[in-house]
Every structure is written in structure tokens, then in C-alpha cells.
>>> print(open('model29.pdb').read())   # PDB, C-alpha atoms and all ligand atoms
ATOM      1  CA  MET A 144     -18.163  19.745   0.311  1.00  0.00           C
ATOM      2  CA  ASN A 145     -17.937  16.433   2.157  1.00  0.00           C
ATOM      3  CA  GLN A 146     -14.578  15.799   3.739  1.00  0.00           C
ATOM      4  CA  TYR A 147     -12.805  12.474   3.664  1.00  0.00           C
ATOM      5  CA  GLN A 148     -13.202  10.558   6.911  1.00  0.00           C
ATOM      6  CA  HIS A 149     -10.858   7.621   6.511  1.00  0.00           C
ATOM      7  CA  ILE A 150      -7.897   7.488   4.167  1.00  0.00           C
ATOM      8  CA  LEU A 151      -6.042   4.292   3.309  1.00  0.00           C
ATOM      9  CA  VAL A 152      -2.509   4.788   2.014  1.00  0.00           C
ATOM     10  CA  ALA A 153      -0.949   1.834   0.217  1.00  0.00           C
ATOM     11  CA  VAL A 154       2.827   1.690   0.394  1.00  0.00           C
ATOM     12  CA  ASP A 155       5.388  -0.541  -1.248  1.00  0.00           C
ATOM     13  CA  LEU A 156       8.893  -0.749   0.198  1.00  0.00           C
ATOM     14  CA  THR A 157      10.616   1.617  -2.223  1.00  0.00           C
ATOM     15  CA  GLU A 158      11.885   5.141  -1.532  1.00  0.00           C
ATOM     16  CA  ASP A 159       8.735   6.397  -3.256  1.00  0.00           C
ATOM     17  CA  ALA A 160       6.722   5.319  -0.232  1.00  0.00           C
ATOM     18  CA  ASN A 161       7.923   8.430   1.638  1.00  0.00           C
ATOM     19  CA  THR A 162       6.453  10.716  -0.996  1.00  0.00           C
ATOM     20  CA  VAL A 163       3.148   8.840  -1.082  1.00  0.00           C
ATOM     21  CA  LEU A 164       2.901   8.728   2.698  1.00  0.00           C
ATOM     22  CA  THR A 165       3.690  12.423   3.172  1.00  0.00           C
ATOM     23  CA  ARG A 166       1.012  13.361   0.646  1.00  0.00           C
ATOM     24  CA  ALA A 167      -1.534  11.102   2.332  1.00  0.00           C
ATOM     25  CA  LYS A 168      -0.677  12.562   5.729  1.00  0.00           C
ATOM     26  CA  ASP A 169      -1.176  16.133   4.491  1.00  0.00           C
ATOM     27  CA  ILE A 170      -4.539  15.238   2.980  1.00  0.00           C
ATOM     28  CA  ALA A 171      -5.593  13.476   6.177  1.00  0.00           C
ATOM     29  CA  ALA A 172      -4.593  16.511   8.250  1.00  0.00           C
ATOM     30  CA  PHE A 173      -6.466  18.867   5.927  1.00  0.00           C
ATOM     31  CA  ASN A 174      -9.601  16.708   6.120  1.00  0.00           C
ATOM     32  CA  GLN A 175      -9.149  15.819   9.803  1.00  0.00           C
ATOM     33  CA  ALA A 176      -9.451  12.237   8.620  1.00  0.00           C
ATOM     34  CA  ARG A 177      -8.189   9.012  10.084  1.00  0.00           C
ATOM     35  CA  LEU A 178      -5.158   7.633   8.234  1.00  0.00           C
ATOM     36  CA  THR A 179      -4.366   3.932   7.895  1.00  0.00           C
ATOM     37  CA  MET A 180      -1.245   2.662   6.136  1.00  0.00           C
ATOM     38  CA  VAL A 181      -1.113  -0.757   4.515  1.00  0.00           C
ATOM     39  CA  HIS A 182       1.584  -2.887   2.957  1.00  0.00           C
ATOM     40  CA  VAL A 183       0.674  -6.150   1.277  1.00  0.00           C
ATOM     41  CA  ILE A 184       3.170  -8.993   1.210  1.00  0.00           C
ATOM     42  CA  GLU A 185       2.710 -11.275  -1.748  1.00  0.00           C
ATOM     43  CA  PRO A 186       3.362 -14.802  -0.481  1.00  0.00           C
ATOM     44  CA  LEU A 187       6.170 -16.442  -2.452  1.00  0.00           C
ATOM     45  CA  SER A 188       3.972 -19.464  -3.072  1.00  0.00           C
ATOM     46  CA  VAL A 189       1.413 -17.208  -4.769  1.00  0.00           C
ATOM     47  CA  ALA A 190       3.995 -15.252  -6.741  1.00  0.00           C
ATOM     48  CA  TYR A 191       5.977 -18.260  -7.946  1.00  0.00           C
ATOM     49  CA  GLY A 192       3.513 -21.132  -7.699  1.00  0.00           C
ATOM     50  CA  SER A 193       3.394 -23.833  -5.056  1.00  0.00           C
ATOM     51  CA  ASP A 194       5.140 -26.488  -7.119  1.00  0.00           C
ATOM     52  CA  ILE A 195       8.724 -25.231  -6.769  1.00  0.00           C
ATOM     53  CA  PRO A 196      10.788 -27.846  -4.942  1.00  0.00           C
ATOM     54  CA  LEU A 197      12.105 -25.526  -2.211  1.00  0.00           C
ATOM     55  CA  ASP A 198      11.123 -24.752   1.343  1.00  0.00           C
ATOM     56  CA  LEU A 199      10.353 -21.062   1.240  1.00  0.00           C
ATOM     57  CA  THR A 200       9.453 -20.711   4.923  1.00  0.00           C
ATOM     58  CA  THR A 201      12.706 -19.067   6.070  1.00  0.00           C
ATOM     59  CA  LEU A 202      12.837 -16.740   3.104  1.00  0.00           C
ATOM     60  CA  GLN A 203       9.187 -15.797   3.606  1.00  0.00           C
ATOM     61  CA  GLN A 204       9.885 -15.083   7.262  1.00  0.00           C
ATOM     62  CA  GLU A 205      12.817 -12.826   6.370  1.00  0.00           C
ATOM     63  CA  ILE A 206      10.708 -10.950   3.839  1.00  0.00           C
ATOM     64  CA  THR A 207       8.006 -10.434   6.459  1.00  0.00           C
ATOM     65  CA  GLU A 208      10.484  -9.202   9.080  1.00  0.00           C
ATOM     66  CA  GLN A 209      12.069  -6.772   6.626  1.00  0.00           C
ATOM     67  CA  ALA A 210       8.662  -5.491   5.577  1.00  0.00           C
ATOM     68  CA  GLN A 211       7.604  -4.979   9.185  1.00  0.00           C
ATOM     69  CA  HIS A 212      10.832  -3.138   9.952  1.00  0.00           C
ATOM     70  CA  ARG A 213      10.441  -0.832   6.957  1.00  0.00           C
ATOM     71  CA  ILE A 214       6.772  -0.223   7.720  1.00  0.00           C
ATOM     72  CA  SER A 215       7.498   0.884  11.274  1.00  0.00           C
ATOM     73  CA  GLU A 216      10.296   3.163  10.000  1.00  0.00           C
ATOM     74  CA  LEU A 217       7.830   4.776   7.625  1.00  0.00           C
ATOM     75  CA  ALA A 218       5.169   5.042  10.319  1.00  0.00           C
ATOM     76  CA  ASP A 219       7.615   6.660  12.758  1.00  0.00           C
ATOM     77  CA  ARG A 220       8.298   9.440  10.291  1.00  0.00           C
ATOM     78  CA  ILE A 221       4.692  10.571  10.482  1.00  0.00           C
ATOM     79  CA  ASP A 222       3.932   9.442  14.051  1.00  0.00           C
ATOM     80  CA  LEU A 223       1.411   6.845  12.960  1.00  0.00           C
ATOM     81  CA  LYS A 224       0.097   4.691  15.788  1.00  0.00           C
ATOM     82  CA  ASP A 225       0.567   0.905  15.746  1.00  0.00           C
ATOM     83  CA  GLN A 226      -3.123   0.241  15.196  1.00  0.00           C
ATOM     84  CA  ASP A 227      -3.032   2.354  12.023  1.00  0.00           C
ATOM     85  CA  GLN A 228      -0.257   0.284  10.398  1.00  0.00           C
ATOM     86  CA  LEU A 229      -1.285  -2.893   8.611  1.00  0.00           C
ATOM     87  CA  VAL A 230       0.808  -5.622   7.045  1.00  0.00           C
ATOM     88  CA  VAL A 231      -1.307  -8.230   5.306  1.00  0.00           C
ATOM     89  CA  TYR A 232      -0.702 -11.128   2.918  1.00  0.00           C
ATOM     90  CA  GLY A 233      -2.155 -11.592  -0.525  1.00  0.00           C
ATOM     91  CA  ARG A 234      -2.474  -9.787  -3.817  1.00  0.00           C
ATOM     92  CA  PRO A 235      -2.056  -6.022  -3.298  1.00  0.00           C
ATOM     93  CA  GLU A 236      -5.112  -4.868  -5.274  1.00  0.00           C
ATOM     94  CA  LYS A 237      -7.379  -7.531  -3.797  1.00  0.00           C
ATOM     95  CA  GLU A 238      -6.352  -6.893  -0.200  1.00  0.00           C
ATOM     96  CA  ILE A 239      -6.507  -3.126  -0.594  1.00  0.00           C
ATOM     97  CA  HIS A 240     -10.048  -3.317  -1.992  1.00  0.00           C
ATOM     98  CA  ARG A 241     -11.075  -5.680   0.788  1.00  0.00           C
ATOM     99  CA  LEU A 242      -9.622  -3.474   3.534  1.00  0.00           C
ATOM    100  CA  ALA A 243     -11.085  -0.322   2.023  1.00  0.00           C
ATOM    101  CA  GLU A 244     -14.570  -1.802   2.213  1.00  0.00           C
ATOM    102  CA  GLU A 245     -14.084  -3.451   5.583  1.00  0.00           C
ATOM    103  CA  LYS A 246     -12.798  -0.246   7.170  1.00  0.00           C
ATOM    104  CA  ASP A 247     -15.183   2.208   5.495  1.00  0.00           C
ATOM    105  CA  VAL A 248     -12.383   3.967   3.685  1.00  0.00           C
ATOM    106  CA  ASP A 249     -13.458   6.836   1.425  1.00  0.00           C
ATOM    107  CA  LEU A 250     -10.086   7.623  -0.184  1.00  0.00           C
ATOM    108  CA  ILE A 251      -7.254   5.303  -1.200  1.00  0.00           C
ATOM    109  CA  VAL A 252      -3.882   6.959  -1.843  1.00  0.00           C
ATOM    110  CA  VAL A 253      -1.350   5.133  -4.032  1.00  0.00           C
ATOM    111  CA  GLY A 254       1.864   5.983  -5.812  1.00  0.00           C
ATOM    112  CA  SER A 255       1.991   5.811  -9.571  1.00  0.00           C
ATOM    113  CA  HIS A 256       4.911   5.856 -11.951  1.00  0.00           C
ATOM    114  CA  GLY A 257       2.605   6.785 -14.800  1.00  0.00           C
ATOM    115  CA  ARG A 258       4.360   4.212 -16.946  1.00  0.00           C
ATOM    116  CA  HIS A 259       3.783   3.941 -20.622  1.00  0.00           C
ATOM    117  CA  GLY A 260       4.586   1.420 -23.313  1.00  0.00           C
ATOM    118  CA  LEU A 261       4.643  -2.215 -22.330  1.00  0.00           C
ATOM    119  CA  ALA A 262       4.148  -1.605 -18.615  1.00  0.00           C
ATOM    120  CA  LEU A 263       0.972   0.255 -19.415  1.00  0.00           C
ATOM    121  CA  ILE A 264      -0.329  -2.611 -21.515  1.00  0.00           C
ATOM    122  CA  LEU A 265       0.554  -5.134 -18.838  1.00  0.00           C
ATOM    123  CA  GLY A 266      -0.913  -2.961 -16.114  1.00  0.00           C
ATOM    124  CA  SER A 267       0.497  -1.761 -12.835  1.00  0.00           C
ATOM    125  CA  THR A 268      -0.435  -1.971  -9.198  1.00  0.00           C
ATOM    126  CA  SER A 269      -1.898   1.525  -9.052  1.00  0.00           C
ATOM    127  CA  THR A 270      -4.040   0.830 -12.132  1.00  0.00           C
ATOM    128  CA  SER A 271      -5.293  -2.416 -10.619  1.00  0.00           C
ATOM    129  CA  ILE A 272      -6.155  -0.607  -7.384  1.00  0.00           C
ATOM    130  CA  LEU A 273      -8.034   2.086  -9.291  1.00  0.00           C
ATOM    131  CA  HIS A 274     -10.093  -0.474 -11.190  1.00  0.00           C
ATOM    132  CA  GLY A 275     -12.626  -2.022  -8.895  1.00  0.00           C
ATOM    133  CA  ALA A 276     -12.245   0.469  -6.055  1.00  0.00           C
ATOM    134  CA  LYS A 277     -15.588   1.548  -4.621  1.00  0.00           C
ATOM    135  CA  CYS A 278     -14.240   4.862  -3.308  1.00  0.00           C
ATOM    136  CA  ASP A 279     -12.043   7.674  -4.598  1.00  0.00           C
ATOM    137  CA  VAL A 280      -8.445   6.827  -5.487  1.00  0.00           C
ATOM    138  CA  LEU A 281      -5.647   9.379  -5.581  1.00  0.00           C
ATOM    139  CA  ALA A 282      -2.556   8.481  -7.604  1.00  0.00           C
ATOM    140  CA  VAL A 283       0.481  10.394  -6.372  1.00  0.00           C
ATOM    141  CA  ARG A 284       3.038  10.716  -9.163  1.00  0.00           C
ATOM    142  CA  VAL A 285       6.349   9.215  -8.089  1.00  0.00           C
ATOM    143  CA  GLY A 286       9.637   8.252  -9.688  1.00  0.00           C
ATOM    144  CA  SER A 287      11.427   9.896 -12.565  1.00  0.00           C
ATOM    145  CA  LYS A 288       9.509  12.366 -14.682  1.00  0.00           C
TER     146      LYS A 288
HETATM  147  P1  LIG A 301       2.702   1.347  -9.904  1.00  0.00           P
HETATM  148  O1  LIG A 301       3.866   2.284  -9.969  1.00  0.00           O
HETATM  149  O2  LIG A 301       1.560   1.783 -10.760  1.00  0.00           O
HETATM  150  O3  LIG A 301       3.056  -0.088 -10.088  1.00  0.00           O
HETATM  151  O4  LIG A 301       2.113   1.403  -8.396  1.00  0.00           O
HETATM  152  C1  LIG A 301       2.973   1.472  -7.299  1.00  0.00           C
HETATM  153  C2  LIG A 301       2.100   1.826  -6.089  1.00  0.00           C
HETATM  154  O5  LIG A 301       1.211   0.751  -5.804  1.00  0.00           O
HETATM  155  C3  LIG A 301       2.905   2.036  -4.826  1.00  0.00           C
HETATM  156  O6  LIG A 301       3.362   3.371  -4.689  1.00  0.00           O
HETATM  157  C4  LIG A 301       1.894   1.690  -3.757  1.00  0.00           C
HETATM  158  O7  LIG A 301       1.007   2.759  -3.525  1.00  0.00           O
HETATM  159  C5  LIG A 301       1.115   0.565  -4.408  1.00  0.00           C
HETATM  160  N1  LIG A 301       1.704  -0.749  -4.079  1.00  0.00           N
HETATM  161  C6  LIG A 301       2.513  -1.518  -4.840  1.00  0.00           C
HETATM  162  N2  LIG A 301       2.845  -2.655  -4.226  1.00  0.00           N
HETATM  163  C7  LIG A 301       2.231  -2.609  -3.022  1.00  0.00           C
HETATM  164  C8  LIG A 301       2.181  -3.490  -1.913  1.00  0.00           C
HETATM  165  N3  LIG A 301       2.829  -4.644  -1.928  1.00  0.00           N
HETATM  166  N4  LIG A 301       1.449  -3.136  -0.849  1.00  0.00           N
HETATM  167  C9  LIG A 301       0.779  -1.954  -0.834  1.00  0.00           C
HETATM  168  N5  LIG A 301       0.783  -1.093  -1.848  1.00  0.00           N
HETATM  169  C10 LIG A 301       1.494  -1.405  -2.928  1.00  0.00           C
END
>>> encode(input="model29.pdb", output="C-alpha cells")
Amino acid sequence: MNQYQHILVAVDLTEDANTVLTRAKDIAAFNQARLTMVHVIEPLSVAYGSDIPLDLTTLQQEITEQAQHRISELADRIDLKDQDQLVVYGRPEKEIHRLAEEKDVDLIVVGSHGRHGLALILGSTSTSILHGAKCDVLAVRVGSK
């Protein structure tokens, strides 16, 4: 059986990220694969439109700093080197697909709440990542059962 060579783990900034990251690390160790962690920051102008009459620069900067702080905390837990931690801007699913192709990733690991009802109809990040991915995607079940 072919082993995975390069695993991309996508983390948000919730407590669930620890669970997702630990699972990805174990799989990487088992496969002797490279592990890259990514967090995508959605620019406020993209999330809320560019026509709001406010200067979002300071807020955006604070969000970025907090994200970077949290990402290095997470990375420290599993001794992930700086070059294997990525913080990028954009839409999570789009950036994750782009990075997966660019970096020859053969497995993407994401967390999934396995929502149902309205959230399922509206979609979720993990679902969006699964659709359109050109490699395997592992959804690690997180959150309340
Ligand atoms: P879901 O519960 O289906 O909405 O998916 C949540 C999962 O999507 C998280 O555990 C992460 O794996 C991934 N995810 C959500 N937001 C981001 C983000 N901004 N950057 C990277 N991955 C994300």
C-alpha cells in the first residue's frame, strides 16, 4: 500500500484544533510523511464586503497577530518547525485546495462537526474542503457527539 508523503492539516482557532492536529501528527508519524499545518484568515473586507464605512486595518492586524500567536502555540505542542506552519489569507477551502496542489499534498486532514439540519444544507468548511479536493481528505470528528 502506498504511504502518504505529505499531509496538510487545516486548523481553525478553536479548541478542536488540538484534536485535529494530534490526529494528523499520528498519521504523519505512521506514514513517515511530512506534515504542514495551515490556518486561513478570511480578510474582513471579503467576509463583510468592502463597502462598510470603517477602517478595518487595525482590527485586521489584531486578528492576524492573534492567529499567528495561536498557530505557534499549536505548532509548539507537536514540535512543528516554522517552515511547516502557514498562515495565509483568503477563503479557507480555496486556499487549502491551492496549497494542496502547489505542495504536492496527498492527504488533507480537517475537523468536522458532522452537523445536520440547517448547517448541513448551508454547508460547512470541511464539506467545502472535501468537494473539489484532488487528493484524499480525512475528516476528524470533533465537538459534541
Ligand atoms: P466544519 O466543522 O465542517 O465547519 O469544519 C471545521 C474544520 O474546517 C476545522 O476543524 C478545520 O479543519 C477547517 N477550518 C475551518 N476554518 C478554517 C480556517 N480558517 N483555516 C483552516 N482550516 C479551517
>>> residues_around(input="model29.pdb", residues="segment 225-232 of chain A", least_positions_apart="6", cutoff="9 Å", atoms="all atoms listed in the file", output="VMD selection string")
chain A and resid 177 to 186 207 210 to 211 214 to 215 218 238
>>> residues_near_point(input="model29.pdb", point="(-13.8, 6.8, 8.7)", cutoff="10 Å", atoms="all atoms listed in the file", output="list in words")
Tyr147, Gln148, His149, Ile150, Leu151, Ala176, Arg177, Leu178, Thr179, Lys246, Asp247, Val248, Asp249 and Leu250 of chain A
>>> residues_near_ligand(input="model29.pdb", ligand="ligand LIG 301 (chain A)", cutoff="6 Å", atoms="only C-alpha atoms and all ligand atoms", output="count of residues only")
17
>>> closest_residue(input="model29.pdb", among="A:Thr165, A:Ser188, A:Ser271, A:Asn174", to="Ile221 of chain A", atoms="only C-alpha atoms")
A:Thr165
>>> atom_distance(input="model29.pdb", atom1="atom CA of Glu236 of chain A", atom2="atom CA of Leu164 of chain A")
17.7 Å
